[in-house]
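Asker: Data: input_37.txt, compact mmCIF, C-alpha atoms.
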```
# COMPACT_ATOMS: atom_id res chain seq x y z
CA MET A 171 83.72 61.17 40.40
CA GLY A 172 86.68 61.28 38.05
CA LEU A 173 85.79 57.84 36.74
CA ALA A 174 82.23 58.96 35.99
CA ALA A 175 83.50 62.04 34.15
CA ARG A 176 85.80 59.88 32.06
CA TYR A 177 82.95 57.52 31.26
CA LEU A 178 80.60 60.30 30.13
CA GLU A 179 83.35 61.81 28.04
CA GLU A 180 84.09 58.46 26.39
CA HIS A 181 80.44 58.38 25.41
CA GLY A 182 80.33 61.79 23.80
CA ILE A 183 79.34 64.10 26.66
CA PRO A 184 81.88 66.86 27.38
CA THR A 185 82.43 67.20 31.13
CA VAL A 186 83.86 69.50 33.76
CA VAL A 187 84.80 68.26 37.22
CA PHE A 188 84.75 70.71 40.15
CA GLY A 189 86.79 69.62 43.13
CA CYS A 190 89.03 70.48 46.06
CA ALA A 191 91.36 67.44 46.01
CA ARG A 192 93.70 68.34 43.20
CA ASP A 193 96.10 65.44 43.53
CA ILE A 194 93.35 62.81 43.50
CA VAL A 195 91.49 64.24 40.50
CA GLU A 196 94.66 64.83 38.49
CA ARG A 197 96.02 61.39 39.32
CA CYS A 198 92.83 59.87 37.93
CA GLY A 199 92.97 62.12 34.91
CA VAL A 200 89.83 63.96 33.87
CA PRO A 201 89.23 65.95 30.70
CA ARG A 202 88.53 69.32 32.37
CA PHE A 203 88.95 70.26 36.01
CA VAL A 204 88.15 73.39 38.01
CA PHE A 205 90.22 73.24 41.18
CA SER A 206 89.22 75.19 44.28
CA ASP A 207 91.92 75.31 46.94
CA PHE A 208 89.21 75.03 49.58
CA PRO A 209 88.53 72.46 52.30
CA LEU A 210 86.77 69.31 51.08
CA GLY A 211 83.09 70.22 50.78
CA ASN A 212 82.74 73.37 48.69
CA PRO A 213 83.85 72.66 45.12
CA THR A 214 81.55 75.31 43.61
CA GLY A 215 82.35 78.35 45.72
CA ARG A 216 82.40 79.62 49.26
CA PRO A 217 79.26 78.95 51.30
CA TYR A 218 76.81 81.88 51.19
CA ASP A 219 79.05 83.81 48.81
CA LEU A 220 77.02 84.05 45.62
CA GLU A 221 79.72 86.00 43.82
CA SER A 222 82.42 83.35 44.28
CA GLN A 223 79.93 80.63 43.34
CA ARG A 224 78.97 82.53 40.21
CA VAL A 225 82.62 82.93 39.21
CA VAL A 226 83.51 79.28 39.83
CA VAL A 227 80.57 77.96 37.81
CA GLN A 228 81.36 80.39 35.00
CA LEU A 229 85.00 79.21 35.01
CA GLY A 230 83.68 75.70 34.44
CA LEU A 231 81.47 76.71 31.55
CA ASP A 232 84.29 78.71 29.97
CA LEU A 233 86.58 75.70 30.36
CA LEU A 234 84.08 73.46 28.56
CA ALA A 235 84.46 75.45 25.39
CA SER A 236 88.07 76.58 25.72
CA ALA A 237 89.89 73.36 26.64
CA SER A 238 91.69 72.06 23.58
CA VAL A 239 93.43 69.13 25.23
CA PRO A 240 92.32 66.63 27.88
CA GLY A 241 93.68 67.03 31.38
CA THR A 242 93.20 70.79 31.51
CA THR A 243 93.03 72.26 35.02
CA VAL A 244 91.85 75.76 35.87
CA VAL A 245 92.46 77.12 39.38
CA THR A 246 89.87 79.42 40.96
CA PRO A 247 91.16 82.80 42.17
CA TYR A 248 90.05 82.27 45.77
CA GLU A 249 91.96 81.58 48.93
CA TRP A 250 89.96 79.95 51.74
CA ASN A 251 91.69 81.85 54.48
CA THR A 252 94.95 83.70 54.99
CA ASP A 253 95.55 81.14 57.74
CA HIS A 254 96.41 77.91 55.97
CA SER A 255 96.58 75.71 59.04
CA TRP A 256 93.46 73.79 57.95
CA LYS A 257 95.67 72.21 55.30
CA GLU A 258 97.97 70.86 57.97
CA ARG A 259 95.22 69.63 60.27
CA ILE A 260 93.11 67.65 57.81
CA PHE A 261 93.65 63.89 58.14
CA THR A 262 95.58 64.02 61.38
CA SER A 263 94.90 62.18 64.60
CA THR A 264 93.79 65.38 66.30
CA GLN A 265 90.99 65.74 63.76
CA PRO A 266 89.33 62.38 63.09
CA PHE A 267 87.99 62.70 59.56
CA LEU A 268 84.73 60.93 60.37
CA ASP A 269 83.09 61.04 63.77
CA ALA A 270 82.41 57.76 65.59
CA GLN A 271 78.88 57.39 64.24
CA ALA A 272 79.92 58.05 60.64
CA THR A 273 82.85 55.66 60.98
CA GLU A 274 80.56 52.92 62.24
CA LYS A 275 78.12 53.55 59.40
CA TRP A 276 80.93 53.48 56.86
CA LEU A 277 82.32 50.19 58.15
CA ALA A 278 78.84 48.64 58.18
CA ALA A 279 78.23 49.81 54.62
CA LYS A 280 81.55 48.34 53.51
CA GLU A 281 80.69 45.00 55.07
CA GLU A 282 77.19 45.01 53.57
CA TYR A 283 78.68 45.83 50.19
CA ARG A 284 81.14 42.93 50.52
CA GLN A 285 78.30 40.52 51.30
CA LEU A 286 76.14 41.74 48.41
CA ARG A 287 79.11 41.34 46.13
CA GLN A 288 79.75 37.81 47.41
CA LYS A 289 76.13 36.88 46.73
CA GLY A 290 76.45 38.27 43.24
CA GLU A 291 73.82 40.92 43.90
CA LEU A 292 76.07 43.81 43.01
CA MET B 12 104.42 82.85 48.32
CA ALA B 13 101.45 80.70 47.41
CA VAL B 14 100.86 77.84 49.81
CA SER B 15 100.66 74.51 48.08
CA HIS B 16 97.48 72.47 47.84
CA VAL B 17 96.85 69.59 50.22
CA ARG B 18 98.40 66.26 49.25
CA TYR B 19 95.39 64.11 50.06
CA ILE B 20 96.85 60.90 48.65
CA ASP B 21 99.84 61.13 51.00
CA LYS B 22 97.81 62.40 53.94
CA THR B 23 95.12 59.72 53.74
CA ARG B 24 97.72 56.98 53.34
CA ASP B 25 99.50 58.08 56.51
CA TYR B 26 96.23 58.66 58.35
CA TYR B 27 94.74 55.25 57.62
CA ARG B 28 98.05 53.48 58.21
CA ALA B 29 98.10 55.01 61.70
CA GLU B 30 94.52 53.74 62.10
CA GLY B 31 95.77 50.22 61.47
CA TYR B 32 94.99 49.76 57.78
CA GLU B 33 98.03 48.04 56.33
CA ARG B 34 97.21 48.30 52.67
CA ALA B 35 97.12 51.77 51.15
CA TYR B 36 94.19 52.63 48.91
CA GLU B 37 95.06 52.49 45.25
CA TRP B 38 93.72 55.70 43.78
CA ALA B 39 92.54 55.45 40.20
CA HIS B 40 95.20 56.34 37.70
CA PHE B 41 95.16 56.32 33.92
CA GLU B 42 97.82 57.24 31.41
CA THR B 43 95.36 58.52 28.85
CA ILE B 44 92.36 60.78 29.25
CA PRO B 45 89.26 60.57 27.06
CA PHE B 46 88.18 63.77 25.37
CA THR B 47 85.08 64.93 23.55
CA PRO B 48 85.90 68.40 22.22
CA PHE B 49 83.10 70.86 22.85
CA ALA B 50 83.22 71.73 19.15
CA ALA B 51 82.07 68.17 18.40
CA LEU B 52 78.61 69.14 19.69
CA ARG B 53 78.36 71.60 16.79
CA LYS B 54 76.29 74.07 18.75
CA PRO B 55 76.94 76.97 21.08
CA LEU B 56 76.64 76.70 24.85
CA ALA B 57 73.45 78.76 24.66
CA GLN B 58 71.85 75.76 22.96
CA CYS B 59 73.23 73.19 25.39
CA ARG B 60 71.34 71.52 28.18
CA VAL B 61 73.51 71.00 31.22
CA GLY B 62 73.50 67.87 33.36
CA LEU B 63 74.72 67.93 36.94
CA VAL B 64 76.21 65.22 39.16
CA SER B 65 77.02 65.45 42.86
CA THR B 66 78.81 63.28 45.41
CA GLY B 67 77.06 65.27 48.13
CA GLU B 68 74.62 62.54 49.25
CA VAL B 69 71.88 65.09 48.69
CA ILE B 70 68.37 64.47 49.97
CA ARG B 71 65.20 66.53 50.03
CA ARG B 72 64.25 68.35 53.20
CA ASP B 73 60.58 68.46 52.29
CA VAL B 74 59.96 64.71 52.06
CA ASP B 75 60.90 61.84 54.32
CA PRO B 76 64.47 60.79 53.55
CA PRO B 77 64.80 57.45 51.79
CA PRO B 78 66.35 54.67 53.85
CA ASP B 79 70.06 54.09 53.32
CA ASP B 80 70.59 51.95 50.23
CA PRO B 81 73.20 49.29 51.03
CA ARG B 82 73.98 49.05 47.33
CA ARG B 83 74.63 52.80 47.23
CA LEU B 84 73.31 53.09 43.70
CA VAL B 85 73.02 56.31 41.73
CA TYR B 86 69.77 58.18 42.30
CA ALA B 87 68.25 61.32 40.87
CA LEU B 88 66.41 64.34 42.23
CA PRO B 89 64.54 67.15 40.44
CA THR B 90 66.48 70.30 39.56
CA ASP B 91 63.49 72.64 39.61
CA LEU B 92 63.34 73.04 43.39
CA PRO B 93 64.94 75.84 45.42
CA VAL B 94 68.22 74.71 46.97
CA GLU B 95 66.70 75.34 50.40
CA ARG B 96 64.67 72.17 49.82
CA PHE B 97 67.83 70.10 49.68
CA GLN B 98 70.43 69.10 52.21
CA SER B 99 73.50 66.89 52.30
CA ARG B 100 73.85 63.93 54.58
CA LYS B 101 77.46 63.35 53.64
CA ALA B 102 79.86 62.90 56.54
CA ALA B 103 83.08 62.73 54.53
CA TYR B 104 84.11 66.37 54.12
CA ASP B 105 86.29 68.76 56.12
CA ARG B 106 83.82 69.31 58.93
CA TYR B 107 86.40 71.23 60.95
CA ALA B 108 87.02 73.89 58.35
CA THR B 109 83.72 74.31 56.54
CA THR B 110 80.05 73.29 56.30
CA LEU B 111 77.70 71.84 53.69
CA GLU B 112 74.86 74.08 54.82
CA ASP B 113 74.82 76.15 51.64
CA VAL B 114 73.85 73.68 48.92
CA ASP B 115 75.01 76.00 46.14
CA SER B 116 78.56 75.65 47.40
CA PHE B 117 78.59 72.06 46.15
CA LEU B 118 75.51 71.79 43.93
CA PRO B 119 75.16 75.05 42.00
CA LEU B 120 71.51 74.77 41.03
CA THR B 121 70.68 78.42 41.72
CA HIS B 122 73.47 79.52 39.41
CA LEU B 123 72.62 77.11 36.61
CA ARG B 124 68.99 78.22 36.66
CA ARG B 125 70.12 81.85 36.52
CA LEU B 126 72.43 81.06 33.59
CA ALA B 127 69.49 79.45 31.84
CA ASP B 128 67.34 82.52 32.49
CA GLU B 129 70.12 84.71 31.08
CA GLY B 130 70.35 82.56 27.97
CA VAL B 131 73.96 81.53 28.64
CA ILE B 132 72.87 77.87 28.60
CA ALA B 133 69.72 76.38 27.13
CA GLY B 134 68.71 74.88 30.45
CA VAL B 135 69.39 72.35 33.15
CA THR B 136 68.28 68.74 32.79
CA ALA B 137 65.13 67.87 34.72
CA ARG B 138 67.11 65.72 37.15
CA PHE B 139 70.53 65.80 38.73
CA GLN B 140 72.31 62.62 39.77
CA VAL B 141 73.85 61.69 43.09
CA ILE B 142 76.75 59.25 43.01
CA PHE B 143 78.42 57.88 46.11
CA SER B 144 82.15 58.24 46.57
CA GLU B 145 82.99 54.58 46.22
CA TYR B 146 85.81 52.46 47.46
CA SER B 147 85.21 50.13 44.53
CA GLN B 148 86.31 51.52 41.19
CA ARG B 149 84.75 48.47 39.58
CA LYS B 150 81.33 49.46 40.88
CA THR B 151 81.72 53.06 39.73
CA LEU B 152 82.67 51.93 36.24
CA THR B 153 80.22 49.08 35.75
CA LEU B 154 77.13 50.35 37.59
CA ASP B 155 77.24 54.00 38.57
CA ALA B 156 78.76 55.67 35.53
CA PRO B 157 76.52 53.78 33.05
CA ALA B 158 73.47 54.72 35.15
CA ILE B 159 74.42 58.39 34.99
CA LEU B 160 75.01 58.22 31.25
CA HIS B 161 71.65 56.53 30.75
CA GLN B 162 69.80 59.21 32.71
CA MET B 163 71.70 62.03 31.05
CA ARG B 164 70.75 60.70 27.65
CA GLU B 165 67.11 60.34 28.70
CA ASP B 166 67.15 63.93 29.91
CA GLY B 167 68.90 65.29 26.82
CA ALA B 168 72.09 66.49 28.50
CA ASP B 169 74.61 67.92 26.05
CA VAL B 170 77.31 68.60 28.62
CA ALA B 171 77.82 67.58 32.24
CA LEU B 172 79.15 69.29 35.34
CA LEU B 173 80.34 66.99 38.12
CA ALA B 174 80.98 68.47 41.55
CA ALA B 175 82.97 66.36 44.01
CA VAL B 176 82.28 67.19 47.67
```
Could you render the structure from this file as structure tokens?
Answerer:
Amino acid sequence: MGLAARYLEEHGIPTVVFGCARDIVERCGVPRFVFSDFPLGNPTGRPYDLESQRVVVQLGLDLLASASVPGTTVVTPYEWNTDHSWKERIFTSTQPFLDAQATEKWLAAKEEYRQLRQKGEL
Amino acid sequence: MAVSHVRYIDKTRDYYRAEGYERAYEWAHFETIPFTPFAALRKPLAQCRVGLVSTGEVIRRDVDPPPDDPRRLVYALPTDLPVERFQSRKAAYDRYATTLEDVDSFLPLTHLRRLADEGVIAGVTARFQVIFSEYSQRKTLTLDAPAILHQMREDGADVALLAAV
């Protein structure tokens, strides 16, 4: 996603990235970034919480106009939970990131991609 | 004291190493960042049409889902439908801590339409784009990103919001 934002920006379209993986987005380097310290999945506000969604989207629009330098990050004012243990548990062996079916699908897609690439079809 | 954000680069490296993957993924990294100042558009936000991109693998609920595309190319869906007509079929999110059941939490169509009604933005482009989270940075840069730019230009997008699930 960061690469796409950079590409649009290079071609004259100002962008804002919304995301929950701060280190990945900032390592890539995007012009404007609204960071939600939420679990991966809800970059534009808490599910079923219209107020937080409204605020996060507005932060992005404000950032569009206010950022004067590339690489500007704004952090949303929300905490997912007072219990932060989800941050410890993500990507651990006790919580497989993908379930078995999704893992199988992902591996098959990777292999299919490799073959298409080999045949010069991608 | 504020608790620090998750270090996904470190966590995924350790996680996949334990799964038997020897070589760590090389996350994209650039020293310089491109920048188009908003002022370069020479118009206020109220006159800007907003494009929207999602990694949410969004599909419509009200039509038969398309078959999986092995090429995982960018596709577009109309923005003028209620979010209840959409759903995500993405598996790669924190399924233990949250859900993707509320589409506005990762694809804020309801809010952008409201902002258009309020005159804060001129409108939303007719389509939003779905891009897959790709392992191959080459594919993102040579196929996906140009496809998004092409569609955004066709739809008259002045600015773009990209929401990464």
Asker: For atom CA of A:Gln265 and atom CA of B:Thr66, determine how far apart the two atoms are, in Å to one decimal place.
Answerer: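 Between atom CA of A:Gln265 and atom CA of B:Thr66 the gap works out to 22.2 Å.
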Asker: Excluding stretch 173-181 of chain A and its own-chain neighbours fewer than 5 positions away, which residues fall within 10 Å of it when counting all atoms listed in the file? Please give them as a PyMOL selection string.
Answerer: (chain A and resi 186-187+195+198-202) or (chain B and resi 39-41+44-48+64+142+148-149+151-153+155-161+163+170-173)
Asker: Any idea which chain A residues end up within 6 Å of chain B if we count all atoms listed in the file, as an MDAnalysis selection string please?
Answerer: chainID A and resid 174 179:180 182:189 197:199 201 209:217 235 240 257 261
Asker: Export C-alpha atoms of the chosen residues as a PDB file, in the coordinates of the input?
Answerer:
```
ATOM      1  CA  ALA A 174      82.230  58.960  35.990  1.00  0.00           C
ATOM      2  CA  GLU A 179      83.350  61.810  28.040  1.00  0.00           C
ATOM      3  CA  GLU A 180      84.090  58.460  26.390  1.00  0.00           C
ATOM      4  CA  GLY A 182      80.330  61.790  23.800  1.00  0.00           C
ATOM      5  CA  ILE A 183      79.340  64.100  26.660  1.00  0.00           C
ATOM      6  CA  PRO A 184      81.880  66.860  27.380  1.00  0.00           C
ATOM      7  CA  THR A 185      82.430  67.200  31.130  1.00  0.00           C
ATOM      8  CA  VAL A 186      83.860  69.500  33.760  1.00  0.00           C
ATOM      9  CA  VAL A 187      84.800  68.260  37.220  1.00  0.00           C
ATOM     10  CA  PHE A 188      84.750  70.710  40.150  1.00  0.00           C
ATOM     11  CA  GLY A 189      86.790  69.620  43.130  1.00  0.00           C
ATOM     12  CA  ARG A 197      96.020  61.390  39.320  1.00  0.00           C
ATOM     13  CA  CYS A 198      92.830  59.870  37.930  1.00  0.00           C
ATOM     14  CA  GLY A 199      92.970  62.120  34.910  1.00  0.00           C
ATOM     15  CA  PRO A 201      89.230  65.950  30.700  1.00  0.00           C
ATOM     16  CA  PRO A 209      88.530  72.460  52.300  1.00  0.00           C
ATOM     17  CA  LEU A 210      86.770  69.310  51.080  1.00  0.00           C
ATOM     18  CA  GLY A 211      83.090  70.220  50.780  1.00  0.00           C
ATOM     19  CA  ASN A 212      82.740  73.370  48.690  1.00  0.00           C
ATOM     20  CA  PRO A 213      83.850  72.660  45.120  1.00  0.00           C
ATOM     21  CA  THR A 214      81.550  75.310  43.610  1.00  0.00           C
ATOM     22  CA  GLY A 215      82.350  78.350  45.720  1.00  0.00           C
ATOM     23  CA  ARG A 216      82.400  79.620  49.260  1.00  0.00           C
ATOM     24  CA  PRO A 217      79.260  78.950  51.300  1.00  0.00           C
ATOM     25  CA  ALA A 235      84.460  75.450  25.390  1.00  0.00           C
ATOM     26  CA  PRO A 240      92.320  66.630  27.880  1.00  0.00           C
ATOM     27  CA  LYS A 257      95.670  72.210  55.300  1.00  0.00           C
ATOM     28  CA  PHE A 261      93.650  63.890  58.140  1.00  0.00           C
TER      29      PHE A 261
END
```
Asker: Figure out the distance between atom CA of B:Gln140 and atom CA of B:Asp128, please, to one decimal in Å.
Answerer: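 According to the coordinates, atom CA of B:Asp128 and atom CA of B:Gln140 are separated by 21.8 Å.
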Asker: Name the closest residue to B:Leu120 among the candidates A:Thr273, A:Asn251, A:Gln285, A:Gln223; distances are taken between atoms, counting only C-alpha atoms.
Answerer: A:Gln223
Asker: Skipping near chain neighbours, those fewer than 4 positions away, what residues fall within 9 Å of B:Ile70 using all atoms listed in the file, listed as a PyMOL selection string?
Answerer: chain B and resi 74+76-77+88+96-100
Asker: Quick one: pull the distance between atom CA of A:Asp207 and atom CA of A:Cys190, Å, one decimal.
Answerer: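 Those two atoms sit 5.7 Å apart.
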Asker: Would you mind putting N, CA and C atoms back on stretch 226-238 of chain A and writing the result as a PDB file, in the frame of the given file?
Answerer:
```pdb
ATOM      1  N   VAL A 226      83.000  80.652  39.976  1.00  0.00           N
ATOM      2  CA  VAL A 226      83.510  79.280  39.830  1.00  0.00           C
ATOM      3  C   VAL A 226      82.699  78.514  38.779  1.00  0.00           C
ATOM      4  N   VAL A 227      81.390  78.656  38.810  1.00  0.00           N
ATOM      5  CA  VAL A 227      80.570  77.960  37.810  1.00  0.00           C
ATOM      6  C   VAL A 227      80.872  78.494  36.409  1.00  0.00           C
ATOM      7  N   GLN A 228      81.044  79.807  36.310  1.00  0.00           N
ATOM      8  CA  GLN A 228      81.360  80.390  35.000  1.00  0.00           C
ATOM      9  C   GLN A 228      82.721  79.899  34.492  1.00  0.00           C
ATOM     10  N   LEU A 229      83.686  79.749  35.409  1.00  0.00           N
ATOM     11  CA  LEU A 229      85.000  79.210  35.010  1.00  0.00           C
ATOM     12  C   LEU A 229      84.817  77.828  34.379  1.00  0.00           C
ATOM     13  N   GLY A 230      83.934  77.038  34.969  1.00  0.00           N
ATOM     14  CA  GLY A 230      83.680  75.700  34.440  1.00  0.00           C
ATOM     15  C   GLY A 230      83.074  75.739  33.053  1.00  0.00           C
ATOM     16  N   LEU A 231      82.102  76.622  32.875  1.00  0.00           N
ATOM     17  CA  LEU A 231      81.470  76.710  31.550  1.00  0.00           C
ATOM     18  C   LEU A 231      82.462  77.226  30.510  1.00  0.00           C
ATOM     19  N   ASP A 232      83.270  78.196  30.899  1.00  0.00           N
ATOM     20  CA  ASP A 232      84.290  78.710  29.970  1.00  0.00           C
ATOM     21  C   ASP A 232      85.262  77.597  29.584  1.00  0.00           C
ATOM     22  N   LEU A 233      85.609  76.781  30.587  1.00  0.00           N
ATOM     23  CA  LEU A 233      86.580  75.700  30.360  1.00  0.00           C
ATOM     24  C   LEU A 233      86.018  74.653  29.394  1.00  0.00           C
ATOM     25  N   LEU A 234      84.715  74.431  29.468  1.00  0.00           N
ATOM     26  CA  LEU A 234      84.080  73.460  28.560  1.00  0.00           C
ATOM     27  C   LEU A 234      84.440  73.778  27.119  1.00  0.00           C
ATOM     28  N   ALA A 235      84.259  75.048  26.781  1.00  0.00           N
ATOM     29  CA  ALA A 235      84.460  75.450  25.390  1.00  0.00           C
ATOM     30  C   ALA A 235      85.920  75.705  25.066  1.00  0.00           C
ATOM     31  N   SER A 236      86.713  76.128  26.051  1.00  0.00           N
ATOM     32  CA  SER A 236      88.070  76.580  25.720  1.00  0.00           C
ATOM     33  C   SER A 236      89.115  75.464  25.762  1.00  0.00           C
ATOM     34  N   ALA A 237      88.866  74.397  26.523  1.00  0.00           N
ATOM     35  CA  ALA A 237      89.890  73.360  26.640  1.00  0.00           C
ATOM     36  C   ALA A 237      90.139  72.706  25.282  1.00  0.00           C
ATOM     37  N   SER A 238      91.400  72.680  24.868  1.00  0.00           N
ATOM     38  CA  SER A 238      91.690  72.060  23.580  1.00  0.00           C
ATOM     39  C   SER A 238      92.347  70.703  23.746  1.00  0.00           C
TER      40      SER A 238
END
```
